[in-house]
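Asker: Pasting a structure below so you can have a look.
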Amino acid sequence: MRVDLFDFDLPEENIALRPANPRDSARLLVVDPNTDRMTDHQVFDLPSFLKPGDALVFNDTRVIPAQLEGVRLRDGAQETPVSATLHMRADASRWKAFARPGKRIKAGDRIRFGYERDNGCGLAFLEATVEEKGDEGEITLLFDVSGPVLDEAIASVGHIPLPPYIAVKRAEDAQDQTDYQTIYAREKGAVAAPTAGLHFTPALFDALDKAGVERHFVTLHVGAGTFLPVKADDTNDHKMHLEIGYVSDETAQKLNAVKARGGRIVCVGTTSLRLIESAAGDDGQIRPWSGATGIFITPGYRFKAVDILMTNFHLPKSTLFMLVSAFCGLETMRAAYAHAIETGYRFYSYGDSSLLFRKV
């Protein structure tokens, strides 16, 4: 499909720079293409749209301070400032990263991140060798330390990589340390938050429990590729970046049991949806799964397991707007986004949310 089919104009004032407070007071646009209904609510109304026996699926990944600032070290050359955003761990000592300025970095370069001094909180600097350089500024960094020591070093010298549409408007601050993390975040490894989950609060969890709605967790470590624009003119020419994910045997069994008794699988965020669809077979059965997924969902895709999707409002011409268009229909989502813009919904990571029913 032509990528420009998924384009729309978004006024700057619709981009959220801070989340709603409390989180579950954010607006919720409920869209059901099967009944042609579109209604305005708030996130704390979510239990009223679900049934006893339905199951919410959350992505429990935890955002790490994956934005690293440093200098390139090269014999006979001046130190050059560089910035690297880690986006996928390759092994105990290697990370894939996007680097800027990419043209100044080549394989074999040494990069020092942070400062060569002890700040009382562990390592205050971290060095790596550029092992490989790929397309679009992607590099493979081989760090001098590995495992938990590397994790501690990254935590010491790095900072949370705010989405670029926020970072261009304001700097990261202490509030983001809490705001840009779900309350159930557990498995460290994400570069970006699974933002639909940012709306949940203990009070909302209590209400969902009383409504008889189950909660299950999967892990997909969101990569920086989620922010990359689709540069191709046709969706067939776009290459998705891989992300590492896990679905346990226990979770797969419980979700299959939900479907067997007539319950619905409700994915909180496109990340959990992409993971569940990666783990599901053509028979609709969800299987234990681990590995890297690059699933690219566009209109025409046949969904195998997911019935309802809760998700924020996404960028024009993004893979995520393509995904929701596949879920509900392109014309339905174009109308929904037009309504959201006109009525002042807040877009992107810290913005409002939507509850989408799959078109059948």
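Each chain in the structure tokens gets a letter, A, B and so on, in the order shown; residues start at 1 in every chain, and ligands are counted from 1 in the order they appear.
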Sorted by chain and rising residue number, list the residues of segment 277-337 of chain A at most 12 Å from segment 198-205 of chain A (counting only C-alpha atoms), each with its closest atom pair and distance in Å to one decimal, as CSV.

Answerer:
```
residue,atom,partner,partner_atom,distance
A:Met310,CA,A:His199,CA,10.3
A:Thr311,CA,A:His199,CA,10.1
A:Asn312,CA,A:His199,CA,9.7
```

Asker: Keeping only N, CA and C atoms, write the selected residues to a file as an mmCIF file, in the first residue's frame.

Answerer:
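Contents of part-v4.cif, freshly written:
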```
data_model
loop_
_atom_site.group_PDB
_atom_site.id
_atom_site.type_symbol
_atom_site.label_atom_id
_atom_site.label_comp_id
_atom_site.auth_asym_id
_atom_site.auth_seq_id
_atom_site.Cartn_x
_atom_site.Cartn_y
_atom_site.Cartn_z
ATOM 1 N N MET A 310 -6.138 -1.544 23.237
ATOM 2 C CA MET A 310 -6.065 -0.229 23.868
ATOM 3 C C MET A 310 -4.736 0.392 23.469
ATOM 4 N N THR A 311 -4.776 1.569 22.883
ATOM 5 C CA THR A 311 -3.548 2.166 22.376
ATOM 6 C C THR A 311 -3.662 3.678 22.314
ATOM 7 N N ASN A 312 -2.528 4.358 22.405
ATOM 8 C CA ASN A 312 -2.504 5.812 22.285
ATOM 9 C C ASN A 312 -2.651 6.229 20.829
#
```

Asker: Find the residues around segment 208-217 of chain A up to 8 Å (only C-alpha atoms counted), leave out those fewer than 3 positions away in its own chain, and share them as a list in words.

Answerer: Pro47, Leu50, Lys51, Pro52, Gly53, Asp54, Ala55, Leu56, Val57, Phe58, Asn59, Asp60, Leu204, Phe205 and Thr251 of chain A

Asker: List the spatial neighbours of segment 158-170 of chain A as a list in words - criterion: any atom at most 7 Å away, only C-alpha atoms, same-chain residues fewer than 3 positions off excluded.

Answerer: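 The contact residues come out as Leu17, Ile64, Pro65, Ala66, Gln67, Leu68, Ile154, Ala155 and Val191 of chain A.
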
Asker: Give me a file of those residues, with all heavy atoms, as an mmCIF file, in the first residue's frame.

Answerer:
```cif
data_model
loop_
_atom_site.group_PDB
_atom_site.id
_atom_site.type_symbol
_atom_site.label_atom_id
_atom_site.label_comp_id
_atom_site.auth_asym_id
_atom_site.auth_seq_id
_atom_site.Cartn_x
_atom_site.Cartn_y
_atom_site.Cartn_z
ATOM 1 N N LEU A 17 2.985 16.862 26.237
ATOM 2 C CA LEU A 17 4.338 16.934 26.799
ATOM 3 C C LEU A 17 4.413 16.368 28.207
ATOM 4 O O LEU A 17 5.503 16.109 28.717
ATOM 5 C CB LEU A 17 4.835 18.384 26.792
ATOM 6 C CG LEU A 17 4.926 19.054 25.414
ATOM 7 C CD1 LEU A 17 5.498 20.458 25.552
ATOM 8 C CD2 LEU A 17 5.761 18.221 24.459
ATOM 9 N N ILE A 64 15.047 1.459 30.229
ATOM 10 C CA ILE A 64 16.377 1.671 30.793
ATOM 11 C C ILE A 64 16.922 3.016 30.309
ATOM 12 O O ILE A 64 16.440 3.558 29.308
ATOM 13 C CB ILE A 64 17.343 0.534 30.394
ATOM 14 C CG1 ILE A 64 17.548 0.516 28.869
ATOM 15 C CG2 ILE A 64 16.834 -0.811 30.901
ATOM 16 C CD1 ILE A 64 18.635 -0.418 28.412
ATOM 17 N N PRO A 65 17.927 3.567 30.976
ATOM 18 C CA PRO A 65 18.525 4.841 30.545
ATOM 19 C C PRO A 65 19.427 4.625 29.328
ATOM 20 O O PRO A 65 20.660 4.662 29.420
ATOM 21 C CB PRO A 65 19.303 5.300 31.775
ATOM 22 C CG PRO A 65 19.623 4.049 32.502
ATOM 23 C CD PRO A 65 18.491 3.105 32.257
ATOM 24 N N ALA A 66 18.813 4.402 28.177
ATOM 25 C CA ALA A 66 19.521 3.914 26.998
ATOM 26 C C ALA A 66 20.100 5.010 26.120
ATOM 27 O O ALA A 66 20.691 4.716 25.080
ATOM 28 C CB ALA A 66 18.581 3.051 26.164
ATOM 29 N N GLN A 67 19.933 6.269 26.511
ATOM 30 C CA GLN A 67 20.518 7.379 25.744
ATOM 31 C C GLN A 67 21.886 7.686 26.326
ATOM 32 O O GLN A 67 22.007 8.087 27.491
ATOM 33 C CB GLN A 67 19.628 8.615 25.806
ATOM 34 C CG GLN A 67 20.091 9.754 24.922
ATOM 35 C CD GLN A 67 19.947 9.423 23.452
ATOM 36 O OE1 GLN A 67 18.918 8.900 23.031
ATOM 37 N NE2 GLN A 67 20.971 9.702 22.675
ATOM 38 N N LEU A 68 22.931 7.506 25.529
ATOM 39 C CA LEU A 68 24.306 7.691 25.991
ATOM 40 C C LEU A 68 24.977 8.818 25.214
ATOM 41 O O LEU A 68 24.888 8.866 23.983
ATOM 42 C CB LEU A 68 25.116 6.405 25.803
ATOM 43 C CG LEU A 68 24.544 5.113 26.403
ATOM 44 C CD1 LEU A 68 25.471 3.944 26.118
ATOM 45 C CD2 LEU A 68 24.316 5.261 27.899
ATOM 46 N N ILE A 154 25.566 1.398 32.393
ATOM 47 C CA ILE A 154 24.592 2.106 31.563
ATOM 48 C C ILE A 154 23.679 2.959 32.439
ATOM 49 O O ILE A 154 23.376 4.107 32.121
ATOM 50 C CB ILE A 154 23.784 1.111 30.713
ATOM 51 C CG1 ILE A 154 24.683 0.485 29.639
ATOM 52 C CG2 ILE A 154 22.577 1.797 30.068
ATOM 53 C CD1 ILE A 154 24.033 -0.658 28.878
ATOM 54 N N ALA A 155 23.244 2.392 33.571
ATOM 55 C CA ALA A 155 22.392 3.141 34.493
ATOM 56 C C ALA A 155 23.096 4.359 35.049
ATOM 57 O O ALA A 155 22.467 5.390 35.336
ATOM 58 C CB ALA A 155 21.916 2.235 35.624
ATOM 59 N N VAL A 191 13.846 0.654 25.355
ATOM 60 C CA VAL A 191 14.311 2.006 25.066
ATOM 61 C C VAL A 191 13.146 2.984 25.135
ATOM 62 O O VAL A 191 13.331 4.166 25.416
ATOM 63 C CB VAL A 191 14.976 2.041 23.678
ATOM 64 C CG1 VAL A 191 15.348 3.445 23.263
ATOM 65 C CG2 VAL A 191 16.211 1.161 23.679
#
```

Asker: Just list the residues in segment 237-324 of chain A DSSP gives strand (DSSP E or B) on the backbone, as an MDAnalysis selection string.

Answerer: chainID A and resid 243:247 265:268 280 286 289:293 308:312

Asker: Would you kindly return, as a PyMOL selection string, each protein, DNA or RNA residue with an atom no farther than 6 Å from any atom of segment 133-142 of chain A, considering only C-alpha atoms and excluding same-chain residues fewer than 6 positions away?

Answerer: chain A and resi 93-99+102+107

Asker: Would you pick out the contacts of segment 185-189 of chain A at 9 Å or less, using only C-alpha atoms, so that residues sharing its chain but fewer than 2 positions from it are not included, and give the list as a list in words?

Answerer: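 Here the answer would be Asn59, Asp60, Thr61, Arg62, Val63, Ile64, Ala66, His87, Met88, Arg89, Gln181, Thr182, Ile183, Val191, Thr219, Leu220, His221, Val222 and Gly223 of chain A.
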
Asker: I need the residues from that last selection saved to file as a tab-separated table (two decimals), in the first residue's frame (with all heavy atoms), if you can.

Answerer:
```tsv
chain	number	residue	atom	x	y	z
A	59	ASN	N	2.44	-5.45	28.58
A	59	ASN	CA	3.87	-5.61	28.32
A	59	ASN	C	4.63	-5.08	29.54
A	59	ASN	O	4.60	-3.88	29.82
A	59	ASN	CB	4.27	-4.82	27.06
A	59	ASN	CG	5.74	-4.95	26.73
A	59	ASN	OD1	6.48	-5.69	27.35
A	59	ASN	ND2	6.18	-4.20	25.73
A	60	ASP	N	5.32	-5.98	30.25
A	60	ASP	CA	5.95	-5.59	31.52
A	60	ASP	C	7.41	-5.15	31.36
A	60	ASP	O	8.16	-5.14	32.33
A	60	ASP	CB	5.84	-6.72	32.54
A	60	ASP	CG	6.63	-7.96	32.16
A	60	ASP	OD1	7.28	-7.96	31.08
A	60	ASP	OD2	6.60	-8.96	32.92
A	61	THR	N	7.81	-4.78	30.14
A	61	THR	CA	9.17	-4.30	29.96
A	61	THR	C	9.40	-3.02	30.74
A	61	THR	O	8.46	-2.25	31.01
A	61	THR	CB	9.46	-4.05	28.46
A	61	THR	OG1	10.86	-3.77	28.29
A	61	THR	CG2	8.66	-2.88	27.92
A	62	ARG	N	10.66	-2.80	31.12
A	62	ARG	CA	11.03	-1.62	31.89
A	62	ARG	C	12.02	-0.78	31.09
A	62	ARG	O	13.01	-1.31	30.55
A	62	ARG	CB	11.65	-2.02	33.23
A	62	ARG	CG	11.90	-0.86	34.18
A	62	ARG	CD	12.32	-1.34	35.56
A	62	ARG	NE	12.40	-0.21	36.48
A	62	ARG	CZ	11.36	0.28	37.15
A	62	ARG	NH1	10.17	-0.28	37.02
A	62	ARG	NH2	11.50	1.32	37.96
A	63	VAL	N	11.77	0.51	31.02
A	63	VAL	CA	12.63	1.41	30.25
A	63	VAL	C	13.96	1.59	30.98
A	63	VAL	O	14.00	1.81	32.19
A	63	VAL	CB	11.97	2.79	30.06
A	63	VAL	CG1	12.87	3.72	29.25
A	63	VAL	CG2	10.62	2.63	29.35
A	64	ILE	N	15.05	1.46	30.23
A	64	ILE	CA	16.38	1.67	30.79
A	64	ILE	C	16.92	3.02	30.31
A	64	ILE	O	16.44	3.56	29.31
A	64	ILE	CB	17.34	0.53	30.39
A	64	ILE	CG1	17.55	0.52	28.87
A	64	ILE	CG2	16.83	-0.81	30.90
A	64	ILE	CD1	18.64	-0.42	28.41
A	66	ALA	N	18.81	4.40	28.18
A	66	ALA	CA	19.52	3.91	27.00
A	66	ALA	C	20.10	5.01	26.12
A	66	ALA	O	20.69	4.72	25.08
A	66	ALA	CB	18.58	3.05	26.16
A	87	HIS	N	19.23	0.16	21.29
A	87	HIS	CA	17.87	-0.25	20.95
A	87	HIS	C	17.63	-1.75	21.00
A	87	HIS	O	16.49	-2.18	21.09
A	87	HIS	CB	17.46	0.31	19.57
A	87	HIS	CG	18.05	-0.40	18.40
A	87	HIS	ND1	17.47	-1.51	17.84
A	87	HIS	CD2	19.16	-0.14	17.67
A	87	HIS	CE1	18.20	-1.90	16.80
A	87	HIS	NE2	19.23	-1.09	16.69
A	88	MET	N	18.68	-2.58	20.97
A	88	MET	CA	18.46	-4.01	21.12
A	88	MET	C	19.74	-4.68	21.61
A	88	MET	O	20.81	-4.51	21.02
A	88	MET	CB	18.02	-4.66	19.80
A	88	MET	CG	17.57	-6.11	19.98
A	88	MET	SD	16.86	-6.83	18.49
A	88	MET	CE	18.36	-7.10	17.53
A	89	ARG	N	19.60	-5.44	22.68
A	89	ARG	CA	20.76	-6.14	23.23
A	89	ARG	C	21.06	-7.36	22.38
A	89	ARG	O	20.16	-8.16	22.08
A	89	ARG	CB	20.50	-6.54	24.68
A	89	ARG	CG	21.75	-7.05	25.38
A	89	ARG	CD	21.59	-7.11	26.87
A	89	ARG	NE	22.89	-7.11	27.55
A	89	ARG	CZ	23.07	-6.71	28.79
A	89	ARG	NH1	22.05	-6.25	29.49
A	89	ARG	NH2	24.27	-6.74	29.33
A	181	GLN	N	7.30	5.38	32.85
A	181	GLN	CA	7.43	4.00	33.29
A	181	GLN	C	6.05	3.53	33.74
A	181	GLN	O	5.35	4.24	34.47
A	181	GLN	CB	8.41	3.92	34.46
A	181	GLN	CG	9.08	2.59	34.66
A	181	GLN	CD	10.27	2.39	33.75
A	181	GLN	OE1	10.12	1.75	32.71
A	181	GLN	NE2	11.45	2.89	34.10
A	182	THR	N	5.63	2.36	33.30
A	182	THR	CA	4.36	1.81	33.78
A	182	THR	C	4.51	1.40	35.24
A	182	THR	O	5.62	1.13	35.71
A	182	THR	CB	3.92	0.60	32.94
A	182	THR	OG1	4.88	-0.46	33.11
A	182	THR	CG2	3.82	0.97	31.46
A	183	ILE	N	3.39	1.31	35.95
A	183	ILE	CA	3.46	0.95	37.36
A	183	ILE	C	3.79	-0.54	37.55
A	183	ILE	O	4.14	-0.95	38.65
A	183	ILE	CB	2.15	1.29	38.10
A	183	ILE	CG1	0.98	0.48	37.53
A	183	ILE	CG2	1.86	2.77	38.05
A	183	ILE	CD1	-0.29	0.59	38.36
A	191	VAL	N	13.85	0.65	25.35
A	191	VAL	CA	14.31	2.01	25.07
A	191	VAL	C	13.15	2.98	25.13
A	191	VAL	O	13.33	4.17	25.42
A	191	VAL	CB	14.98	2.04	23.68
A	191	VAL	CG1	15.35	3.44	23.26
A	191	VAL	CG2	16.21	1.16	23.68
A	219	THR	N	6.49	-9.90	27.66
A	219	THR	CA	7.60	-8.95	27.62
A	219	THR	C	8.02	-8.72	26.18
A	219	THR	O	8.35	-9.68	25.47
A	219	THR	CB	8.82	-9.46	28.41
A	219	THR	OG1	8.43	-9.74	29.76
A	219	THR	CG2	9.94	-8.43	28.40
A	220	LEU	N	8.00	-7.47	25.74
A	220	LEU	CA	8.60	-7.08	24.47
A	220	LEU	C	9.42	-5.82	24.74
A	220	LEU	O	8.88	-4.79	25.13
A	220	LEU	CB	7.55	-6.79	23.40
A	220	LEU	CG	8.15	-6.48	22.02
A	220	LEU	CD1	8.75	-7.73	21.39
A	220	LEU	CD2	7.13	-5.86	21.07
A	221	HIS	N	10.73	-5.93	24.54
A	221	HIS	CA	11.61	-4.80	24.80
A	221	HIS	C	11.54	-3.83	23.62
A	221	HIS	O	12.13	-4.08	22.57
A	221	HIS	CB	13.05	-5.27	25.05
A	221	HIS	CG	13.20	-6.08	26.30
A	221	HIS	ND1	12.66	-5.68	27.51
A	221	HIS	CD2	13.82	-7.26	26.54
A	221	HIS	CE1	12.96	-6.58	28.44
A	221	HIS	NE2	13.66	-7.54	27.87
A	222	VAL	N	10.83	-2.74	23.84
A	222	VAL	CA	10.59	-1.77	22.77
A	222	VAL	C	11.91	-1.12	22.36
A	222	VAL	O	12.67	-0.65	23.21
A	222	VAL	CB	9.60	-0.69	23.23
A	222	VAL	CG1	9.17	0.18	22.05
A	222	VAL	CG2	8.39	-1.33	23.91
A	223	GLY	N	12.18	-1.06	21.07
A	223	GLY	CA	13.41	-0.49	20.57
A	223	GLY	C	13.23	0.91	20.01
A	223	GLY	O	12.11	1.38	19.81
```

Asker: As a PyMOL selection string, please: all residues of segment 178-319 of chain A that backbone DSSP puts in helix (DSSP H, G or I).

Answerer: chain A and resi 178-179+195-199+202-210+224-227+235-237+249-260+270-279+319

Asker: Excluding same-chain residues fewer than 2 positions from Lys317 of chain A, what lies within 9 Å of it counting only C-alpha atoms, as a list of chain:residue names?

Answerer: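 My reading of the contact set: A:Val3, A:Asp4, A:Leu5, A:Phe6, A:Asp7, A:Phe8, A:Pro229, A:Val230, A:His314, A:Leu315, A:Thr319, A:Leu320, A:Phe321, A:Met322.
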
Asker: Give me the residues within 7 Å of Val157 of chain A as an mmCIF file with C-alpha atoms, in the first residue's frame, counting only C-alpha atoms and dropping any in the same chain fewer than 3 places off.

Answerer:
```
data_model
loop_
_atom_site.group_PDB
_atom_site.id
_atom_site.type_symbol
_atom_site.label_atom_id
_atom_site.label_comp_id
_atom_site.auth_asym_id
_atom_site.auth_seq_id
_atom_site.Cartn_x
_atom_site.Cartn_y
_atom_site.Cartn_z
ATOM 1 C CA LEU A 68 24.306 7.691 25.991
ATOM 2 C CA PHE A 113 30.448 7.533 27.287
ATOM 3 C CA GLY A 114 30.124 9.648 30.417
ATOM 4 C CA ALA A 124 30.982 7.248 35.761
ATOM 5 C CA PHE A 125 32.338 6.361 32.328
ATOM 6 C CA ALA A 153 27.383 1.247 34.014
ATOM 7 C CA ILE A 154 24.592 2.106 31.563
#
```

Asker: Taking only C-alpha atoms into account, name the residue in A:Gln285, A:Thr195, A:Gln177, A:Ser156 that is nearest to Leu255 of chain A.

Answerer: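 For Leu255 of chain A, the nearest of the given residues is A:Gln285.
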
Asker: Rounded to one decimal in Å, what is the spacing between atom CA of Asn21 of chain A and atom CA of Asp40 of chain A?

Answerer: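 We find that atom CA of Asn21 of chain A and atom CA of Asp40 of chain A lie 18.2 Å from each other.
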
Asker: Find, counting only C-alpha atoms, the residue in A:Arg334, A:Leu228, A:Phe44, A:Val30 that gets nearest to Asp206 of chain A.

Answerer: A:Phe44

Asker: Have a look at atom CA of Tyr301 of chain A and atom CA of Ala192 of chain A and let me know their distance in Å, one decimal.

Answerer: 25.3 Å
